[in-house]
$ cat model28.cif   # mmCIF, C-alpha atoms
data_input
loop_
_atom_site.label_atom_id
_atom_site.label_comp_id
_atom_site.auth_asym_id
_atom_site.auth_seq_id
_atom_site.Cartn_x
_atom_site.Cartn_y
_atom_site.Cartn_z
CA MET A 4 0.00 0.00 0.00
CA ARG A 5 0.99 3.63 -0.42
CA THR A 6 0.65 6.32 2.19
CA SER A 7 -0.18 9.15 -0.23
CA LEU A 8 -3.52 9.56 -1.96
CA PRO A 9 -4.80 11.67 -4.83
CA ALA A 10 -6.93 14.65 -3.84
CA ARG A 11 -10.16 12.89 -4.78
CA SER A 12 -9.58 10.12 -2.23
CA LEU A 13 -10.70 10.16 1.37
CA PRO A 14 -8.14 10.76 4.17
CA ILE A 15 -6.25 7.61 5.10
CA ARG A 16 -6.97 8.03 8.79
CA LEU A 17 -10.71 8.13 8.09
CA LEU A 18 -10.49 5.09 5.83
CA LEU A 19 -8.51 3.10 8.36
CA THR A 20 -10.77 4.12 11.23
CA SER A 21 -13.69 2.71 9.27
CA LEU A 22 -11.80 -0.47 8.46
CA ALA A 23 -10.89 -0.81 12.11
CA ALA A 24 -14.52 -0.59 13.12
CA MET A 25 -15.34 -3.28 10.60
CA ALA A 26 -12.52 -5.52 11.77
CA LEU A 27 -13.52 -5.26 15.43
CA GLY A 28 -16.74 -7.04 14.56
CA ALA A 29 -14.91 -9.94 12.92
CA CYS A 30 -13.57 -13.01 14.65
CA SER A 31 -9.83 -13.06 15.27
CA ARG A 32 -7.98 -15.68 13.23
CA GLY A 33 -4.84 -15.83 15.36
CA THR A 34 -4.05 -16.76 18.96
CA ALA A 35 -1.95 -14.87 21.45
CA PRO A 36 0.37 -17.81 22.28
CA ALA A 37 1.17 -18.34 18.60
CA ALA A 38 1.87 -14.64 18.13
CA LEU A 39 4.14 -14.61 21.17
CA GLU A 40 5.98 -17.66 19.89
CA THR A 41 6.51 -16.03 16.51
CA ARG A 42 7.72 -12.78 18.08
CA GLU A 43 10.06 -14.63 20.45
CA ALA A 44 11.69 -16.46 17.56
CA ALA A 45 12.09 -13.23 15.59
CA GLU A 46 13.85 -11.61 18.56
CA ASN A 47 16.09 -14.64 19.04
CA PRO A 48 17.46 -15.69 15.63
CA ALA A 49 18.89 -18.89 17.10
CA LYS A 50 15.34 -20.17 17.45
CA ALA A 51 14.46 -19.49 13.84
CA ALA A 52 14.79 -22.67 11.76
CA PRO A 53 16.46 -21.95 8.39
CA ALA A 54 14.82 -23.19 5.21
CA PRO A 55 16.40 -26.45 3.99
CA ALA A 56 18.09 -26.32 0.59
CA ASP A 57 15.46 -28.64 -0.90
CA ALA A 58 12.48 -26.76 0.57
CA PRO A 59 9.58 -26.06 -1.81
CA VAL A 60 9.26 -22.42 -2.84
CA ILE A 61 6.36 -20.17 -1.92
CA LEU A 62 6.18 -16.93 -3.90
CA ALA A 63 4.73 -14.00 -1.93
CA PHE A 64 3.43 -11.79 -4.74
CA GLY A 65 1.91 -8.58 -3.50
CA ASP A 66 2.33 -4.97 -2.41
CA SER A 67 3.96 -3.30 0.60
CA LEU A 68 2.10 -5.55 3.04
CA TYR A 69 4.31 -8.36 1.74
CA ALA A 70 7.35 -6.23 0.87
CA GLY A 71 7.96 -5.22 4.48
CA TYR A 72 7.49 -1.47 4.20
CA ARG A 73 9.75 0.38 6.70
CA LEU A 74 10.74 -2.86 8.42
CA GLN A 75 14.22 -4.27 9.04
CA PRO A 76 15.58 -7.21 7.00
CA GLY A 77 13.97 -10.37 8.29
CA GLU A 78 10.87 -8.59 9.63
CA SER A 79 8.67 -8.78 6.53
CA TYR A 80 5.72 -11.13 6.31
CA PRO A 81 7.46 -13.52 3.88
CA ALA A 82 10.60 -13.67 6.04
CA LYS A 83 8.72 -14.32 9.27
CA LEU A 84 6.34 -16.75 7.58
CA GLU A 85 9.27 -18.79 6.30
CA ALA A 86 10.82 -18.92 9.76
CA ALA A 87 7.53 -19.89 11.40
CA LEU A 88 6.79 -22.65 8.89
CA ASN A 89 10.23 -24.23 9.19
CA ARG A 90 10.18 -23.94 12.96
CA ALA A 91 6.89 -25.87 12.87
CA GLY A 92 8.46 -28.60 10.73
CA VAL A 93 6.97 -27.42 7.41
CA LYS A 94 9.81 -27.12 4.92
CA ALA A 95 9.39 -23.97 2.85
CA ARG A 96 11.38 -21.17 1.26
CA VAL A 97 9.30 -18.01 0.95
CA VAL A 98 10.43 -15.60 -1.78
CA ASN A 99 9.46 -11.98 -1.21
CA ALA A 100 8.03 -10.60 -4.46
CA GLY A 101 6.20 -7.72 -2.83
CA VAL A 102 6.52 -4.22 -4.31
CA SER A 103 5.40 -1.22 -2.28
CA GLY A 104 2.75 0.86 -4.00
CA ASP A 105 1.70 -1.82 -6.46
CA THR A 106 -1.85 -1.74 -7.75
CA THR A 107 -3.28 -4.90 -9.24
CA ALA A 108 -2.57 -3.44 -12.69
CA ALA A 109 1.12 -2.83 -11.91
CA ALA A 110 1.46 -6.30 -10.42
CA ARG A 111 -0.20 -7.86 -13.44
CA GLU A 112 2.35 -6.15 -15.68
CA ARG A 113 5.32 -7.56 -13.75
CA LEU A 114 4.00 -11.05 -13.09
CA VAL A 115 5.54 -12.83 -16.08
CA PHE A 116 8.91 -11.14 -15.53
CA THR A 117 8.80 -12.09 -11.85
CA LEU A 118 7.94 -15.73 -12.55
CA ASP A 119 10.51 -16.08 -15.32
CA GLY A 120 13.18 -14.73 -12.99
CA GLN A 121 12.72 -17.31 -10.24
CA ALA A 122 15.65 -19.63 -9.60
CA ALA A 123 13.19 -22.42 -8.77
CA LYS A 124 9.58 -22.77 -9.84
CA PRO A 125 7.23 -21.88 -6.96
CA VAL A 126 4.96 -24.63 -5.71
CA LEU A 127 2.55 -22.08 -4.23
CA ALA A 128 1.94 -18.38 -4.85
CA LEU A 129 0.42 -16.13 -2.20
CA VAL A 130 -1.34 -13.24 -3.94
CA GLY A 131 -1.88 -10.17 -1.76
CA LEU A 132 -3.05 -7.19 -3.80
CA GLY A 133 -5.90 -4.72 -4.01
CA GLY A 134 -5.26 -2.38 -1.10
CA ASN A 135 -3.81 0.35 -3.29
CA ASP A 136 -6.70 0.00 -5.72
CA MET A 137 -9.10 0.59 -2.84
CA LEU A 138 -7.18 3.54 -1.38
CA ARG A 139 -7.17 5.19 -4.80
CA GLY A 140 -10.84 4.45 -5.38
CA LEU A 141 -10.11 2.56 -8.58
CA PRO A 142 -13.03 0.75 -10.22
CA PRO A 143 -13.53 -2.66 -8.60
CA ALA A 144 -14.15 -4.17 -12.05
CA GLN A 145 -10.55 -3.35 -12.94
CA THR A 146 -9.28 -4.88 -9.70
CA ARG A 147 -11.26 -8.05 -10.37
CA ALA A 148 -10.04 -8.31 -13.98
CA ASN A 149 -6.40 -7.86 -12.96
CA LEU A 150 -6.58 -10.41 -10.15
CA GLU A 151 -8.38 -12.84 -12.46
CA ALA A 152 -5.55 -12.49 -14.99
CA ILE A 153 -2.89 -13.00 -12.30
CA VAL A 154 -4.56 -16.15 -10.98
CA ALA A 155 -5.08 -17.46 -14.52
CA GLU A 156 -1.39 -17.00 -15.39
CA LEU A 157 -0.31 -18.81 -12.23
CA GLU A 158 -2.71 -21.65 -12.98
CA ARG A 159 -1.45 -21.82 -16.56
CA ARG A 160 2.02 -22.41 -15.14
CA LYS A 161 0.63 -25.02 -12.75
CA ILE A 162 1.46 -22.99 -9.66
CA ALA A 163 -1.04 -23.35 -6.82
CA VAL A 164 -2.59 -20.11 -5.56
CA MET A 165 -3.68 -18.76 -2.19
CA LEU A 166 -5.39 -15.37 -1.98
CA THR A 167 -5.07 -12.91 0.91
CA GLY A 168 -7.95 -10.48 0.63
CA MET A 169 -8.83 -6.87 1.32
CA LEU A 170 -11.96 -5.00 2.36
CA ALA A 171 -13.22 -1.61 1.25
CA ALA A 172 -13.55 1.12 3.83
CA PRO A 173 -17.26 1.88 4.44
CA ASN A 174 -16.53 5.56 3.73
CA LEU A 175 -16.17 4.67 0.07
CA GLY A 176 -19.86 3.91 0.02
CA ALA A 177 -22.07 0.86 0.00
CA ASP A 178 -22.00 0.55 -3.78
CA TYR A 179 -18.19 0.45 -3.84
CA ALA A 180 -18.02 -2.09 -1.02
CA LYS A 181 -20.69 -4.21 -2.71
CA ALA A 182 -18.53 -4.42 -5.83
CA PHE A 183 -15.12 -4.59 -4.12
CA ASN A 184 -15.49 -6.91 -1.13
CA PRO A 185 -16.79 -9.99 -2.99
CA ILE A 186 -13.85 -10.03 -5.41
CA TRP A 187 -11.67 -12.32 -3.30
CA PRO A 188 -14.26 -14.84 -2.08
CA GLU A 189 -15.75 -15.10 -5.57
CA LEU A 190 -12.34 -15.62 -7.20
CA ALA A 191 -11.42 -18.16 -4.54
CA LYS A 192 -14.64 -20.06 -5.15
CA ALA A 193 -14.36 -19.91 -8.94
CA HIS A 194 -10.77 -21.11 -8.97
CA LYS A 195 -11.11 -23.39 -5.94
CA VAL A 196 -8.20 -21.81 -4.09
CA PRO A 197 -7.78 -21.06 -0.37
CA LEU A 198 -8.50 -17.58 0.92
CA VAL A 199 -7.61 -15.39 3.89
CA PRO A 200 -10.61 -13.01 3.70
CA PHE A 201 -8.94 -9.91 5.22
CA PHE A 202 -5.16 -9.98 5.55
CA LEU A 203 -4.99 -7.02 7.97
CA GLN A 204 -7.71 -8.27 10.30
CA PRO A 205 -5.31 -9.27 13.13
CA VAL A 206 -3.82 -5.76 13.35
CA ILE A 207 -6.22 -3.16 11.99
CA GLY A 208 -7.26 -0.57 14.57
CA ASN A 209 -4.48 -1.49 17.02
CA ASP A 210 -1.85 1.24 16.92
CA ASN A 211 0.52 -0.93 18.96
CA LEU A 212 0.75 -3.25 15.97
CA LEU A 213 0.96 -0.59 13.24
CA LEU A 214 3.48 1.91 11.99
CA ASP A 215 2.75 5.59 12.52
CA ASP A 216 0.96 5.71 9.14
CA HIS A 217 -1.79 3.58 10.75
CA ILE A 218 -1.79 1.28 7.72
CA HIS A 219 1.25 -0.96 7.65
CA PRO A 220 2.02 -3.50 10.38
CA ASN A 221 5.13 -3.05 12.48
CA ALA A 222 7.30 -6.06 13.37
CA GLN A 223 4.91 -7.11 16.15
CA GLY A 224 1.98 -6.71 13.79
CA VAL A 225 3.65 -8.98 11.28
CA ASP A 226 4.00 -11.56 14.06
CA ARG A 227 0.24 -11.44 14.59
CA ILE A 228 -0.50 -11.82 10.89
CA VAL A 229 1.92 -14.75 10.59
CA ALA A 230 0.34 -16.44 13.60
CA ALA A 231 -3.10 -15.96 12.06
CA THR A 232 -2.19 -17.32 8.62
CA GLN A 233 0.67 -19.79 8.85
CA GLY A 234 -1.62 -22.77 9.43
CA GLU A 235 -3.63 -22.03 6.31
CA VAL A 236 -0.45 -21.49 4.30
CA ALA A 237 0.91 -24.82 5.52
CA GLN A 238 -2.31 -26.55 4.45
CA ALA A 239 -2.21 -24.88 1.04
CA LEU A 240 1.42 -25.92 0.56
CA LYS A 241 0.67 -29.50 1.53
CA ALA A 242 -2.22 -29.62 -0.96
CA ALA A 243 -0.04 -28.09 -3.69
CA GLU A 244 2.66 -30.70 -3.23
CA LYS A 245 0.28 -33.63 -3.79
#

$ encode --input "model28.cif" --output "structure tokens"
Amino acid sequence: MRTSLPARSLPIRLLLTSLAAMALGACSRGTAPAALETREAAENPAKAAPAPADAPVILAFGDSLYAGYRLQPGESYPAKLEAALNRAGVKARVVNAGVSGDTTAAARERLVFTLDGQAAKPVLALVGLGGNDMLRGLPPAQTRANLEAIVAELERRKIAVMLTGMLAAPNLGADYAKAFNPIWPELAKAHKVPLVPFFLQPVIGNDNLLLDDHIHPNAQGVDRIVAATQGEVAQALKAAEK
């Protein structure tokens, strides 16, 4: 995601306040013990299990929420996810292909180049995009078409897909949310792929888990997101390897 918006967009703080209110009504996907375990391992590198040389590759293809915006090396979602999976006995190498500021259109343009440049073919691709489209108020039909094309290209290459979704801020209006929010569950159903409905749900509205832009997770926030999603990623990887 980006932290600057065109003049026609609503203030970020207002958008995120609305998203926070929405998230507070949802059920938490993670558990405190798991989050603490993830954070403890991040703070003590000796506890982080390295990825074996023969580990299957997971490609984390997304925007700044994957890229690790303003975080230290090793604190991004892909880095901490890899450590958590291997510590749990799930062999995996997670490649960070997140680009801060990417819209679904920009990501679609770089997908083939990104895939062709991989040293090893990914077994699974995590696709986390759409937040910048929403913050810019881009037409949901464009977001859907771009994500559809990304998923189709990954399927064409026989790479399994897992989607991590986004929600529209209520301030954008009921019509926008009605068109935007169903994109991820409908794509997941149509392509029969696993889905995390709202990637930021474990952290949104909690300033202790966010950077001062109130959008991006800090290192502790990444811990929470990893704890909330690593089980589903492990299941998706296991299914992809069959």

$ closest_residue --input "model28.cif" --among "A:Ala163, A:Lys245, A:Ala177, A:Phe183" --to "A:Asp136" --atoms "all atoms listed in the file"
A:Phe183

$ resolve_selection --input "model28.cif" --expression "the PyMOL selection byres ((chain A and resi 64) around 12)" --output "PyMOL selection string"
chain A and resi 61-63+65-70+80-81+97-103+105-107+109-111+113-115+117-118+125+127-133+150+153-154+157+164-167

$ closest_residue --input "model28.cif" --among "A:Leu138, A:Val93, A:Ala54, A:Ala193" --to "A:Glu235" --atoms "only C-alpha atoms"
A:Val93

$ atom_distance --input "model28.cif" --atom1 "atom CA of A:Asp178" --atom2 "atom CA of A:Pro142"
11.0 Å

$ resolve_selection --input "model28.cif" --expression "the PyMOL selection byres ((chain A and resi 196-213) around 6)" --output "ChimeraX atom specification"
/A:23,26,165-169,191,194-195,214,217,219-221,223-224,228

$ build_atoms --input "model28.cif" --residues "stretch 198-209 of chain A" --atoms "all heavy atoms" --output "PDB file, in the frame of the given file"
ATOM      1  N   LEU A 198      -8.358 -19.016   0.757  1.00  0.00           N
ATOM      2  CA  LEU A 198      -8.500 -17.580   0.920  1.00  0.00           C
ATOM      3  C   LEU A 198      -8.361 -17.170   2.386  1.00  0.00           C
ATOM      4  O   LEU A 198      -8.962 -17.778   3.264  1.00  0.00           O
ATOM      5  CB  LEU A 198      -9.868 -17.133   0.407  1.00  0.00           C
ATOM      6  CG  LEU A 198     -10.319 -15.707   0.751  1.00  0.00           C
ATOM      7  CD1 LEU A 198      -9.481 -14.681   0.007  1.00  0.00           C
ATOM      8  CD2 LEU A 198     -11.806 -15.532   0.447  1.00  0.00           C
ATOM      9  N   VAL A 199      -7.572 -16.133   2.631  1.00  0.00           N
ATOM     10  CA  VAL A 199      -7.610 -15.390   3.890  1.00  0.00           C
ATOM     11  C   VAL A 199      -8.462 -14.156   3.599  1.00  0.00           C
ATOM     12  O   VAL A 199      -8.036 -13.274   2.846  1.00  0.00           O
ATOM     13  CB  VAL A 199      -6.198 -14.973   4.349  1.00  0.00           C
ATOM     14  CG1 VAL A 199      -6.285 -14.057   5.572  1.00  0.00           C
ATOM     15  CG2 VAL A 199      -5.355 -16.200   4.661  1.00  0.00           C
ATOM     16  N   PRO A 200      -9.672 -14.056   4.124  1.00  0.00           N
ATOM     17  CA  PRO A 200     -10.610 -13.010   3.700  1.00  0.00           C
ATOM     18  C   PRO A 200     -10.097 -11.579   3.855  1.00  0.00           C
ATOM     19  O   PRO A 200     -10.314 -10.748   2.983  1.00  0.00           O
ATOM     20  CB  PRO A 200     -11.832 -13.261   4.574  1.00  0.00           C
ATOM     21  CG  PRO A 200     -11.763 -14.717   4.905  1.00  0.00           C
ATOM     22  CD  PRO A 200     -10.301 -15.004   5.071  1.00  0.00           C
ATOM     23  N   PHE A 201      -9.410 -11.275   4.980  1.00  0.00           N
ATOM     24  CA  PHE A 201      -8.940  -9.910   5.220  1.00  0.00           C
ATOM     25  C   PHE A 201      -7.565 -10.006   5.877  1.00  0.00           C
ATOM     26  O   PHE A 201      -7.442 -10.276   7.070  1.00  0.00           O
ATOM     27  CB  PHE A 201      -9.925  -9.164   6.111  1.00  0.00           C
ATOM     28  CG  PHE A 201      -9.589  -7.714   6.351  1.00  0.00           C
ATOM     29  CD1 PHE A 201      -8.878  -6.968   5.423  1.00  0.00           C
ATOM     30  CD2 PHE A 201     -10.014  -7.079   7.502  1.00  0.00           C
ATOM     31  CE1 PHE A 201      -8.575  -5.641   5.647  1.00  0.00           C
ATOM     32  CE2 PHE A 201      -9.733  -5.741   7.736  1.00  0.00           C
ATOM     33  CZ  PHE A 201      -9.008  -5.022   6.804  1.00  0.00           C
ATOM     34  N   PHE A 202      -6.530  -9.781   5.101  1.00  0.00           N
ATOM     35  CA  PHE A 202      -5.160  -9.980   5.550  1.00  0.00           C
ATOM     36  C   PHE A 202      -4.809  -9.149   6.777  1.00  0.00           C
ATOM     37  O   PHE A 202      -4.082  -9.605   7.668  1.00  0.00           O
ATOM     38  CB  PHE A 202      -4.208  -9.621   4.397  1.00  0.00           C
ATOM     39  CG  PHE A 202      -2.762  -9.914   4.657  1.00  0.00           C
ATOM     40  CD1 PHE A 202      -2.302 -11.223   4.778  1.00  0.00           C
ATOM     41  CD2 PHE A 202      -1.840  -8.878   4.757  1.00  0.00           C
ATOM     42  CE1 PHE A 202      -0.964 -11.492   5.002  1.00  0.00           C
ATOM     43  CE2 PHE A 202      -0.495  -9.139   4.980  1.00  0.00           C
ATOM     44  CZ  PHE A 202      -0.054 -10.447   5.106  1.00  0.00           C
ATOM     45  N   LEU A 203      -5.333  -7.926   6.873  1.00  0.00           N
ATOM     46  CA  LEU A 203      -4.990  -7.020   7.970  1.00  0.00           C
ATOM     47  C   LEU A 203      -5.857  -7.196   9.209  1.00  0.00           C
ATOM     48  O   LEU A 203      -5.687  -6.477  10.187  1.00  0.00           O
ATOM     49  CB  LEU A 203      -5.099  -5.567   7.495  1.00  0.00           C
ATOM     50  CG  LEU A 203      -4.028  -5.078   6.526  1.00  0.00           C
ATOM     51  CD1 LEU A 203      -4.348  -3.658   6.059  1.00  0.00           C
ATOM     52  CD2 LEU A 203      -2.650  -5.118   7.161  1.00  0.00           C
ATOM     53  N   GLN A 204      -6.774  -8.137   9.183  1.00  0.00           N
ATOM     54  CA  GLN A 204      -7.710  -8.270  10.300  1.00  0.00           C
ATOM     55  C   GLN A 204      -7.034  -8.400  11.667  1.00  0.00           C
ATOM     56  O   GLN A 204      -7.509  -7.806  12.646  1.00  0.00           O
ATOM     57  CB  GLN A 204      -8.652  -9.462  10.045  1.00  0.00           C
ATOM     58  CG  GLN A 204      -9.894  -9.481  10.926  1.00  0.00           C
ATOM     59  CD  GLN A 204      -9.629 -10.029  12.305  1.00  0.00           C
ATOM     60  OE1 GLN A 204      -8.831 -10.947  12.445  1.00  0.00           O
ATOM     61  NE2 GLN A 204     -10.267  -9.474  13.315  1.00  0.00           N
ATOM     62  N   PRO A 205      -5.909  -9.130  11.796  1.00  0.00           N
ATOM     63  CA  PRO A 205      -5.310  -9.270  13.130  1.00  0.00           C
ATOM     64  C   PRO A 205      -4.715  -7.982  13.695  1.00  0.00           C
ATOM     65  O   PRO A 205      -4.407  -7.926  14.887  1.00  0.00           O
ATOM     66  CB  PRO A 205      -4.201 -10.314  12.903  1.00  0.00           C
ATOM     67  CG  PRO A 205      -4.583 -11.036  11.658  1.00  0.00           C
ATOM     68  CD  PRO A 205      -5.238 -10.002  10.800  1.00  0.00           C
ATOM     69  N   VAL A 206      -4.520  -6.947  12.865  1.00  0.00           N
ATOM     70  CA  VAL A 206      -3.820  -5.760  13.350  1.00  0.00           C
ATOM     71  C   VAL A 206      -4.591  -4.456  13.188  1.00  0.00           C
ATOM     72  O   VAL A 206      -4.293  -3.477  13.869  1.00  0.00           O
ATOM     73  CB  VAL A 206      -2.459  -5.596  12.621  1.00  0.00           C
ATOM     74  CG1 VAL A 206      -1.574  -6.809  12.877  1.00  0.00           C
ATOM     75  CG2 VAL A 206      -2.623  -5.370  11.117  1.00  0.00           C
ATOM     76  N   ILE A 207      -5.576  -4.420  12.323  1.00  0.00           N
ATOM     77  CA  ILE A 207      -6.220  -3.160  11.990  1.00  0.00           C
ATOM     78  C   ILE A 207      -6.896  -2.554  13.220  1.00  0.00           C
ATOM     79  O   ILE A 207      -7.547  -3.256  14.001  1.00  0.00           O
ATOM     80  CB  ILE A 207      -7.225  -3.333  10.833  1.00  0.00           C
ATOM     81  CG1 ILE A 207      -7.535  -2.005  10.156  1.00  0.00           C
ATOM     82  CG2 ILE A 207      -8.481  -4.030  11.306  1.00  0.00           C
ATOM     83  CD1 ILE A 207      -6.404  -1.484   9.330  1.00  0.00           C
ATOM     84  N   GLY A 208      -6.665  -1.255  13.427  1.00  0.00           N
ATOM     85  CA  GLY A 208      -7.260  -0.570  14.570  1.00  0.00           C
ATOM     86  C   GLY A 208      -6.454  -0.635  15.836  1.00  0.00           C
ATOM     87  O   GLY A 208      -6.804   0.012  16.820  1.00  0.00           O
ATOM     88  N   ASN A 209      -5.341  -1.375  15.835  1.00  0.00           N
ATOM     89  CA  ASN A 209      -4.480  -1.490  17.020  1.00  0.00           C
ATOM     90  C   ASN A 209      -3.173  -0.775  16.738  1.00  0.00           C
ATOM     91  O   ASN A 209      -2.283  -1.323  16.083  1.00  0.00           O
ATOM     92  CB  ASN A 209      -4.247  -2.967  17.348  1.00  0.00           C
ATOM     93  CG  ASN A 209      -3.498  -3.151  18.665  1.00  0.00           C
ATOM     94  OD1 ASN A 209      -2.830  -2.243  19.154  1.00  0.00           O
ATOM     95  ND2 ASN A 209      -3.606  -4.349  19.230  1.00  0.00           N
TER      96      ASN A 209
END
